[in-house]
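Everything on this sheet refers to the single structure shown next.
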Amino acid sequence: MTTEQISFNRPYRARRELDNLRAALNSGHLHGDGPFTESATAKLRQITSAPHVLLTTSCTHALELSCLLLDLGPGDEVIVPSFAFTSAATAVTHRGATVVFADIDPDTGNLDPSSVADAITHRTRAVIVMHYGGVAADMALLLYLANVHGFDLIEDNAHGLGGTWQSRTLGTIGTFGTQSFHGTKNIHCGEGGALLLTDDVLAERAEVIREKGTDRGRFLRGLVDKYSWRDIGSSYLPSELNAAVLDAQLDEFATIQTERHRVWSAYSSALADWADRRGVRRMMVPPDREHTAHLYYLRMPNEARRDALIDDLAGQGIVAPFHYVPLDTSPAGLKYGRTVESCRHSSEFASTLVRLPLWPELTDDQVARVADAVTSHNW
Ligand SMILES: *Cc1c(COP(=O)(O)O)cnc(C)c1O
């Protein structure tokens, strides 16, 4: 008997991708900031309601751009969750600043504001908060701490495009919001990202840093008659080929999200009784937040049980991986970071978590097969 493989993720193919690519190639304008960049940027402004959106080559680069805009340097500290993707930490170490790790909320996997409070010093310049799985972190206390202590919030919103916290769009609550359009994300163009900003002055400077330190953007808009070197800089513009694919994907944002939520909700209801009986914790979404169905995870009672489930599913052709390895105890985390108190929730979360396949074209039958495989796992 052959069992059909169910992959963990399958990058979505949007209908207009090839037409857009052909148009971009035929136009002769392949470098950044052409018509597809403009169109994709306008769609992102609409989805996020961010006044300023700059496409970048990746979320990692949008995080680096944020750290450049903060003029971070040696001696500065940035608080980062232990349970996060490495880019949050490397963007900080890239500036020679110090990463200080904080623990997570064991219910959501998001940064725990009370652990952040314990990690604040007079050197704290920023906190990077990631909305895990597209479920917003608890922003109220983080905003309060940022105000009182005078640091900036950077939202790593790679999972949370279109998600909300208390009706505010994720990525627009802090000073900076960063998006990823990597091939594994809800909306993708292979590799790509964006920086969201609300502050006009920062946005103007971001445009310069992104364009090799020049005011080329203002020149192209006819605001200055030549462009020159104005500031520190790098090159963070994606090519029009990437923007062409991104633009086609964004056209179908609503459909993609509807389909992802269909799969998410099907798992959530199919696994409810079983999870309660077995002491398995399902992914939970606090009531004041709209999530983005970026992923669906379960948290098993312990690591051995989690590993056994992953093996069992793999044996039935279902790819269900774990996720981030805690940063604070990783080799580079020990070398470049500082930990105030042990991040035990991050460690427990990482070692018990398993993610189930989730992509828009997953059929109801396939979802049912995954759910059956989970609930019939030999305990
Ligand atoms: C994917 C991801 C990133 C990195 O995105 P790139 O666009 O590949 O740089 C950063 N943070 C989180 C939370 C991610 O999931």
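Starting from 1 in every chain, residues are counted up; chains themselves are A, B, ... following the order of the structure tokens, and ligands are numbered from 1 as listed.
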Who sits within 8 Å of Asn186 of chain A, only C-alpha atoms, same chain under 2 positions skipped, as a compact mmCIF listing (two decimals) with N, CA, C and O atoms, in the first residue's frame:
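As written to disk, selection-v4.txt reads:
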# COMPACT_ATOMS: atom_id res chain seq x y z
N TYR A 12 2.23 28.69 -1.98
CA TYR A 12 1.06 28.98 -2.80
C TYR A 12 1.47 29.49 -4.17
O TYR A 12 2.47 30.20 -4.30
N HIS A 159 5.04 36.28 10.85
CA HIS A 159 3.90 35.34 10.82
C HIS A 159 2.57 36.07 10.77
O HIS A 159 1.54 35.42 10.58
N PHE A 181 8.38 37.62 3.26
CA PHE A 181 7.73 36.96 2.13
C PHE A 181 8.58 35.79 1.65
O PHE A 181 8.68 35.50 0.45
N THR A 184 8.10 30.11 2.84
CA THR A 184 7.33 29.37 3.84
C THR A 184 6.23 30.22 4.48
O THR A 184 5.50 29.72 5.34
N HIS A 188 4.15 35.00 -0.24
CA HIS A 188 5.59 34.86 -0.47
C HIS A 188 5.98 35.24 -1.89
O HIS A 188 5.15 35.28 -2.80
N ILE A 256 -6.32 33.25 0.25
CA ILE A 256 -5.28 32.48 0.94
C ILE A 256 -5.60 32.41 2.43
O ILE A 256 -5.56 31.33 3.04
N GLN A 257 -5.99 33.53 3.00
CA GLN A 257 -6.29 33.56 4.44
C GLN A 257 -7.54 32.74 4.77
O GLN A 257 -7.56 32.02 5.78
N HIS A 294 -1.12 31.24 10.48
CA HIS A 294 0.19 30.95 9.86
C HIS A 294 0.60 29.51 10.17
O HIS A 294 1.22 28.85 9.34
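The neighbours of Ser235 of chain A here are the residues that come within 6 Å of it, using only C-alpha atoms and leaving out any residue fewer than 3 positions away in the same chain; they are Arg210, Glu211 and Lys212 of chain A.
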Store the residues picked out above, limited to N, CA, C and O atoms, as a JSON list (two decimals), in the first residue's frame.
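Produced file again_9.json, reproduced below:
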[["chain", "number", "residue", "atom", "x", "y", "z"],
["A", 210, "ARG", "N", 17.88, 52.41, 2.90],
["A", 210, "ARG", "CA", 17.54, 51.28, 2.04],
["A", 210, "ARG", "C", 18.14, 51.44, 0.64],
["A", 210, "ARG", "O", 18.45, 50.47, -0.04],
["A", 211, "GLU", "N", 18.35, 52.68, 0.20],
["A", 211, "GLU", "CA", 18.81, 53.00, -1.16],
["A", 211, "GLU", "C", 20.27, 53.46, -1.12],
["A", 211, "GLU", "O", 20.61, 54.52, -1.60],
["A", 212, "LYS", "N", 21.13, 52.66, -0.49],
["A", 212, "LYS", "CA", 22.59, 52.91, -0.46],
["A", 212, "LYS", "C", 22.96, 54.26, 0.12],
["A", 212, "LYS", "O", 23.95, 54.88, -0.30]]
Residues within 7 Å of Asp103 of chain A, only C-alpha atoms, excluding chain neighbours under 3 positions, as a ChimeraX atom specification: /A:81-82,111-112,115,343,345-346
Picked from segment 98-299 of chain A by DSSP as strand (DSSP E or B), as number ranges by chain: A: 98-102, 104, 111, 124-130, 152-156, 164-165, 168-169, 176-180, 193-197, 211, 214, 229, 235, 281-282, 289-290, 296-299
Please identify all protein, DNA and RNA residues within 8 Å of ligand 1, counting only C-alpha atoms and all ligand atoms, and report them as a PDB file with all heavy atoms, in the first residue's frame.
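Once everything was written out, this is out-v5.pdb:
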ATOM      1  N   THR A  57      14.496  43.053   0.866  1.00  0.00           N
ATOM      2  CA  THR A  57      14.909  41.758   0.334  1.00  0.00           C
ATOM      3  C   THR A  57      14.563  40.602   1.278  1.00  0.00           C
ATOM      4  O   THR A  57      14.553  39.455   0.861  1.00  0.00           O
ATOM      5  CB  THR A  57      16.423  41.783   0.049  1.00  0.00           C
ATOM      6  OG1 THR A  57      17.035  42.701   0.963  1.00  0.00           O
ATOM      7  CG2 THR A  57      16.696  42.268  -1.357  1.00  0.00           C
ATOM      8  N   SER A  58      14.288  40.902   2.549  1.00  0.00           N
ATOM      9  CA  SER A  58      13.884  39.855   3.496  1.00  0.00           C
ATOM     10  C   SER A  58      13.402  40.509   4.784  1.00  0.00           C
ATOM     11  O   SER A  58      13.598  41.712   5.002  1.00  0.00           O
ATOM     12  CB  SER A  58      15.057  38.920   3.814  1.00  0.00           C
ATOM     13  OG  SER A  58      16.070  39.623   4.514  1.00  0.00           O
ATOM     14  N   CYS A  59      12.801  39.700   5.633  1.00  0.00           N
ATOM     15  CA  CYS A  59      12.442  40.160   6.980  1.00  0.00           C
ATOM     16  C   CYS A  59      13.709  40.419   7.791  1.00  0.00           C
ATOM     17  O   CYS A  59      13.789  41.372   8.565  1.00  0.00           O
ATOM     18  CB  CYS A  59      11.569  39.110   7.658  1.00  0.00           C
ATOM     19  SG  CYS A  59      11.003  39.533   9.304  1.00  0.00           S
ATOM     20  N   THR A  60      14.700  39.550   7.599  1.00  0.00           N
ATOM     21  CA  THR A  60      15.986  39.732   8.279  1.00  0.00           C
ATOM     22  C   THR A  60      16.545  41.122   7.963  1.00  0.00           C
ATOM     23  O   THR A  60      17.008  41.832   8.863  1.00  0.00           O
ATOM     24  CB  THR A  60      16.984  38.650   7.808  1.00  0.00           C
ATOM     25  OG1 THR A  60      16.395  37.362   8.063  1.00  0.00           O
ATOM     26  CG2 THR A  60      18.314  38.747   8.526  1.00  0.00           C
ATOM     27  N   HIS A  61      16.481  41.517   6.692  1.00  0.00           N
ATOM     28  CA  HIS A  61      16.986  42.839   6.309  1.00  0.00           C
ATOM     29  C   HIS A  61      16.112  43.960   6.860  1.00  0.00           C
ATOM     30  O   HIS A  61      16.619  45.036   7.184  1.00  0.00           O
ATOM     31  CB  HIS A  61      17.131  42.928   4.788  1.00  0.00           C
ATOM     32  CG  HIS A  61      18.358  42.234   4.291  1.00  0.00           C
ATOM     33  ND1 HIS A  61      18.576  41.918   2.975  1.00  0.00           N
ATOM     34  CD2 HIS A  61      19.448  41.806   4.974  1.00  0.00           C
ATOM     35  CE1 HIS A  61      19.753  41.314   2.861  1.00  0.00           C
ATOM     36  NE2 HIS A  61      20.280  41.233   4.057  1.00  0.00           N
ATOM     37  N   ALA A  62      14.810  43.734   6.973  1.00  0.00           N
ATOM     38  CA  ALA A  62      13.944  44.758   7.573  1.00  0.00           C
ATOM     39  C   ALA A  62      14.298  44.927   9.056  1.00  0.00           C
ATOM     40  O   ALA A  62      14.279  46.046   9.588  1.00  0.00           O
ATOM     41  CB  ALA A  62      12.478  44.369   7.407  1.00  0.00           C
ATOM     42  N   ALA A  84      12.477  32.376  19.441  1.00  0.00           N
ATOM     43  CA  ALA A  84      12.323  33.249  18.272  1.00  0.00           C
ATOM     44  C   ALA A  84      13.216  32.740  17.167  1.00  0.00           C
ATOM     45  O   ALA A  84      14.077  31.871  17.388  1.00  0.00           O
ATOM     46  CB  ALA A  84      12.692  34.690  18.619  1.00  0.00           C
ATOM     47  N   PHE A  85      13.031  33.310  15.980  1.00  0.00           N
ATOM     48  CA  PHE A  85      13.908  32.999  14.863  1.00  0.00           C
ATOM     49  C   PHE A  85      15.222  33.761  15.056  1.00  0.00           C
ATOM     50  O   PHE A  85      15.246  34.820  15.667  1.00  0.00           O
ATOM     51  CB  PHE A  85      13.218  33.400  13.553  1.00  0.00           C
ATOM     52  CG  PHE A  85      13.907  32.873  12.334  1.00  0.00           C
ATOM     53  CD1 PHE A  85      14.032  31.510  12.123  1.00  0.00           C
ATOM     54  CD2 PHE A  85      14.427  33.740  11.398  1.00  0.00           C
ATOM     55  CE1 PHE A  85      14.675  31.020  10.999  1.00  0.00           C
ATOM     56  CE2 PHE A  85      15.072  33.259  10.262  1.00  0.00           C
ATOM     57  CZ  PHE A  85      15.197  31.900  10.059  1.00  0.00           C
ATOM     58  N   THR A  86      16.300  33.212  14.512  1.00  0.00           N
ATOM     59  CA  THR A  86      17.619  33.808  14.758  1.00  0.00           C
ATOM     60  C   THR A  86      17.745  35.255  14.284  1.00  0.00           C
ATOM     61  O   THR A  86      18.519  36.021  14.867  1.00  0.00           O
ATOM     62  CB  THR A  86      18.730  32.996  14.050  1.00  0.00           C
ATOM     63  OG1 THR A  86      18.388  32.885  12.670  1.00  0.00           O
ATOM     64  CG2 THR A  86      18.882  31.619  14.651  1.00  0.00           C
ATOM     65  N   SER A  87      16.992  35.639  13.245  1.00  0.00           N
ATOM     66  CA  SER A  87      17.168  36.984  12.663  1.00  0.00           C
ATOM     67  C   SER A  87      17.002  38.099  13.675  1.00  0.00           C
ATOM     68  O   SER A  87      17.653  39.144  13.560  1.00  0.00           O
ATOM     69  CB  SER A  87      16.154  37.206  11.540  1.00  0.00           C
ATOM     70  OG  SER A  87      16.297  36.223  10.563  1.00  0.00           O
ATOM     71  N   ALA A  88      16.124  37.907  14.658  1.00  0.00           N
ATOM     72  CA  ALA A  88      15.926  38.943  15.679  1.00  0.00           C
ATOM     73  C   ALA A  88      17.240  39.180  16.417  1.00  0.00           C
ATOM     74  O   ALA A  88      17.603  40.321  16.714  1.00  0.00           O
ATOM     75  CB  ALA A  88      14.821  38.525  16.651  1.00  0.00           C
ATOM     76  N   MET A 130       8.018  39.146  18.814  1.00  0.00           N
ATOM     77  CA  MET A 130       7.551  38.344  17.690  1.00  0.00           C
ATOM     78  C   MET A 130       6.134  37.849  17.990  1.00  0.00           C
ATOM     79  O   MET A 130       5.865  37.448  19.114  1.00  0.00           O
ATOM     80  CB  MET A 130       8.479  37.139  17.505  1.00  0.00           C
ATOM     81  CG  MET A 130       8.250  36.376  16.233  1.00  0.00           C
ATOM     82  SD  MET A 130       8.033  34.592  16.368  1.00  0.00           S
ATOM     83  CE  MET A 130       8.965  34.106  17.745  1.00  0.00           C
ATOM     84  N   HIS A 131       5.254  37.927  17.002  1.00  0.00           N
ATOM     85  CA  HIS A 131       3.881  37.438  17.184  1.00  0.00           C
ATOM     86  C   HIS A 131       3.847  35.998  16.673  1.00  0.00           C
ATOM     87  O   HIS A 131       3.636  35.748  15.479  1.00  0.00           O
ATOM     88  CB  HIS A 131       2.892  38.329  16.424  1.00  0.00           C
ATOM     89  CG  HIS A 131       2.980  39.779  16.791  1.00  0.00           C
ATOM     90  ND1 HIS A 131       2.731  40.228  18.076  1.00  0.00           N
ATOM     91  CD2 HIS A 131       3.310  40.880  16.069  1.00  0.00           C
ATOM     92  CE1 HIS A 131       2.886  41.550  18.107  1.00  0.00           C
ATOM     93  NE2 HIS A 131       3.242  41.967  16.913  1.00  0.00           N
ATOM     94  N   TYR A 132       4.054  35.044  17.595  1.00  0.00           N
ATOM     95  CA  TYR A 132       4.254  33.654  17.166  1.00  0.00           C
ATOM     96  C   TYR A 132       2.993  33.064  16.531  1.00  0.00           C
ATOM     97  O   TYR A 132       1.904  33.100  17.120  1.00  0.00           O
ATOM     98  CB  TYR A 132       4.711  32.783  18.349  1.00  0.00           C
ATOM     99  CG  TYR A 132       5.041  31.375  17.907  1.00  0.00           C
ATOM    100  CD1 TYR A 132       6.021  31.147  16.951  1.00  0.00           C
ATOM    101  CD2 TYR A 132       4.360  30.284  18.421  1.00  0.00           C
ATOM    102  CE1 TYR A 132       6.319  29.870  16.519  1.00  0.00           C
ATOM    103  CE2 TYR A 132       4.658  28.990  18.001  1.00  0.00           C
ATOM    104  CZ  TYR A 132       5.637  28.790  17.042  1.00  0.00           C
ATOM    105  OH  TYR A 132       5.919  27.524  16.607  1.00  0.00           O
ATOM    106  N   ASP A 156       8.583  41.795  15.112  1.00  0.00           N
ATOM    107  CA  ASP A 156       8.919  40.819  14.076  1.00  0.00           C
ATOM    108  C   ASP A 156       7.599  40.150  13.706  1.00  0.00           C
ATOM    109  O   ASP A 156       7.126  39.230  14.378  1.00  0.00           O
ATOM    110  CB  ASP A 156       9.936  39.798  14.601  1.00  0.00           C
ATOM    111  CG  ASP A 156      10.244  38.713  13.568  1.00  0.00           C
ATOM    112  OD1 ASP A 156       9.529  38.638  12.546  1.00  0.00           O
ATOM    113  OD2 ASP A 156      11.190  37.934  13.786  1.00  0.00           O
ATOM    114  N   ASN A 157       7.004  40.658  12.617  1.00  0.00           N
ATOM    115  CA  ASN A 157       5.658  40.219  12.240  1.00  0.00           C
ATOM    116  C   ASN A 157       5.673  39.270  11.043  1.00  0.00           C
ATOM    117  O   ASN A 157       4.749  39.250  10.237  1.00  0.00           O
ATOM    118  CB  ASN A 157       4.797  41.467  11.937  1.00  0.00           C
ATOM    119  CG  ASN A 157       3.327  41.148  11.930  1.00  0.00           C
ATOM    120  OD1 ASN A 157       2.870  40.296  12.694  1.00  0.00           O
ATOM    121  ND2 ASN A 157       2.573  41.799  11.057  1.00  0.00           N
ATOM    122  N   ALA A 158       6.734  38.473  10.957  1.00  0.00           N
ATOM    123  CA  ALA A 158       6.876  37.537   9.833  1.00  0.00           C
ATOM    124  C   ALA A 158       5.682  36.586   9.712  1.00  0.00           C
ATOM    125  O   ALA A 158       5.317  36.170   8.618  1.00  0.00           O
ATOM    126  CB  ALA A 158       8.162  36.725   9.988  1.00  0.00           C
ATOM    127  N   HIS A 159       5.041  36.278  10.846  1.00  0.00           N
ATOM    128  CA  HIS A 159       3.904  35.344  10.819  1.00  0.00           C
ATOM    129  C   HIS A 159       2.565  36.068  10.767  1.00  0.00           C
ATOM    130  O   HIS A 159       1.541  35.420  10.577  1.00  0.00           O
ATOM    131  CB  HIS A 159       3.880  34.483  12.093  1.00  0.00           C
ATOM    132  CG  HIS A 159       5.100  33.655  12.301  1.00  0.00           C
ATOM    133  ND1 HIS A 159       5.286  32.867  13.408  1.00  0.00           N
ATOM    134  CD2 HIS A 159       6.208  33.482  11.541  1.00  0.00           C
ATOM    135  CE1 HIS A 159       6.454  32.253  13.333  1.00  0.00           C
ATOM    136  NE2 HIS A 159       7.038  32.621  12.215  1.00  0.00           N
ATOM    137  N   GLN A 179       7.987  42.368   7.991  1.00  0.00           N
ATOM    138  CA  GLN A 179       7.260  41.261   7.350  1.00  0.00           C
ATOM    139  C   GLN A 179       8.230  40.382   6.580  1.00  0.00           C
ATOM    140  O   GLN A 179       9.268  40.863   6.110  1.00  0.00           O
ATOM    141  CB  GLN A 179       6.233  41.804   6.348  1.00  0.00           C
ATOM    142  CG  GLN A 179       5.228  42.783   6.923  1.00  0.00           C
ATOM    143  CD  GLN A 179       4.299  42.180   7.955  1.00  0.00           C
ATOM    144  OE1 GLN A 179       3.810  42.872   8.843  1.00  0.00           O
ATOM    145  NE2 GLN A 179       4.064  40.871   7.860  1.00  0.00           N
ATOM    146  N   SER A 180       7.869  39.110   6.428  1.00  0.00           N
ATOM    147  CA  SER A 180       8.656  38.200   5.592  1.00  0.00           C
ATOM    148  C   SER A 180       7.798  37.662   4.457  1.00  0.00           C
ATOM    149  O   SER A 180       6.636  37.303   4.666  1.00  0.00           O
ATOM    150  CB  SER A 180       9.166  37.008   6.411  1.00  0.00           C
ATOM    151  OG  SER A 180       9.806  36.079   5.541  1.00  0.00           O
ATOM    152  N   PHE A 181       8.379  37.616   3.264  1.00  0.00           N
ATOM    153  CA  PHE A 181       7.725  36.959   2.126  1.00  0.00           C
ATOM    154  C   PHE A 181       8.585  35.789   1.647  1.00  0.00           C
ATOM    155  O   PHE A 181       8.679  35.497   0.447  1.00  0.00           O
ATOM    156  CB  PHE A 181       7.440  37.980   1.008  1.00  0.00           C
ATOM    157  CG  PHE A 181       6.655  39.163   1.514  1.00  0.00           C
ATOM    158  CD1 PHE A 181       7.198  40.442   1.498  1.00  0.00           C
ATOM    159  CD2 PHE A 181       5.393  38.982   2.063  1.00  0.00           C
ATOM    160  CE1 PHE A 181       6.497  41.528   2.005  1.00  0.00           C
ATOM    161  CE2 PHE A 181       4.684  40.058   2.580  1.00  0.00           C
ATOM    162  CZ  PHE A 181       5.225  41.330   2.552  1.00  0.00           C
ATOM    163  N   HIS A 182       9.234  35.148   2.612  1.00  0.00           N
ATOM    164  CA  HIS A 182       9.982  33.914   2.363  1.00  0.00           C
ATOM    165  C   HIS A 182       8.993  32.836   1.894  1.00  0.00           C
ATOM    166  O   HIS A 182       7.808  32.889   2.235  1.00  0.00           O
ATOM    167  CB  HIS A 182      10.663  33.499   3.675  1.00  0.00           C
ATOM    168  CG  HIS A 182      11.500  32.278   3.575  1.00  0.00           C
ATOM    169  ND1 HIS A 182      11.012  31.019   3.849  1.00  0.00           N
ATOM    170  CD2 HIS A 182      12.799  32.126   3.228  1.00  0.00           C
ATOM    171  CE1 HIS A 182      11.987  30.140   3.678  1.00  0.00           C
ATOM    172  NE2 HIS A 182      13.077  30.779   3.305  1.00  0.00           N
ATOM    173  N   THR A 184       8.102  30.110   2.841  1.00  0.00           N
ATOM    174  CA  THR A 184       7.330  29.372   3.841  1.00  0.00           C
ATOM    175  C   THR A 184       6.228  30.220   4.479  1.00  0.00           C
ATOM    176  O   THR A 184       5.505  29.718   5.339  1.00  0.00           O
ATOM    177  CB  THR A 184       8.258  28.900   4.978  1.00  0.00           C
ATOM    178  OG1 THR A 184       8.963  30.051   5.476  1.00  0.00           O
ATOM    179  CG2 THR A 184       9.254  27.864   4.497  1.00  0.00           C
ATOM    180  N   LYS A 185       6.096  31.461   4.084  1.00  0.00           N
ATOM    181  CA  LYS A 185       5.150  32.357   4.756  1.00  0.00           C
ATOM    182  C   LYS A 185       3.805  32.417   4.019  1.00  0.00           C
ATOM    183  O   LYS A 185       3.700  31.969   2.876  1.00  0.00           O
ATOM    184  CB  LYS A 185       5.776  33.747   4.894  1.00  0.00           C
ATOM    185  CG  LYS A 185       7.113  33.731   5.638  1.00  0.00           C
ATOM    186  CD  LYS A 185       6.956  33.356   7.111  1.00  0.00           C
ATOM    187  CE  LYS A 185       8.166  32.779   7.796  1.00  0.00           C
ATOM    188  NZ  LYS A 185       9.437  33.404   7.739  1.00  0.00           N
ATOM    189  N   GLU A 191      11.958  34.893  -1.718  1.00  0.00           N
ATOM    190  CA  GLU A 191      12.625  35.631  -0.643  1.00  0.00           C
ATOM    191  C   GLU A 191      12.153  37.073  -0.748  1.00  0.00           C
ATOM    192  O   GLU A 191      12.164  37.650  -1.836  1.00  0.00           O
ATOM    193  CB  GLU A 191      14.155  35.613  -0.808  1.00  0.00           C
ATOM    194  CG  GLU A 191      14.803  34.235  -0.827  1.00  0.00           C
ATOM    195  CD  GLU A 191      15.117  33.698   0.565  1.00  0.00           C
ATOM    196  OE1 GLU A 191      14.868  34.393   1.566  1.00  0.00           O
ATOM    197  OE2 GLU A 191      15.615  32.545   0.639  1.00  0.00           O
ATOM    198  N   GLY A 192      11.777  37.659   0.359  1.00  0.00           N
ATOM    199  CA  GLY A 192      11.361  39.063   0.336  1.00  0.00           C
ATOM    200  C   GLY A 192      10.887  39.490   1.700  1.00  0.00           C
ATOM    201  O   GLY A 192      10.736  38.667   2.608  1.00  0.00           O
ATOM    202  N   GLY A 193      10.675  40.775   1.868  1.00  0.00           N
ATOM    203  CA  GLY A 193      10.215  41.285   3.154  1.00  0.00           C
ATOM    204  C   GLY A 193       9.723  42.705   3.022  1.00  0.00           C
ATOM    205  O   GLY A 193       9.647  43.247   1.916  1.00  0.00           O
TER     206      GLY A 193
END
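The interatomic distance for the pair atom CA of Tyr324 of chain A and atom CA of Met283 of chain A works out to 15.8 Å.
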Test item: residues at most 12 Å from Ala140 of chain A, only C-alpha atoms, excluding those fewer than 2 positions along its chain, as an MDAnalysis selection string: chainID A and resid 112:114 136:138 142:147 153 165:166 168 173:174 288
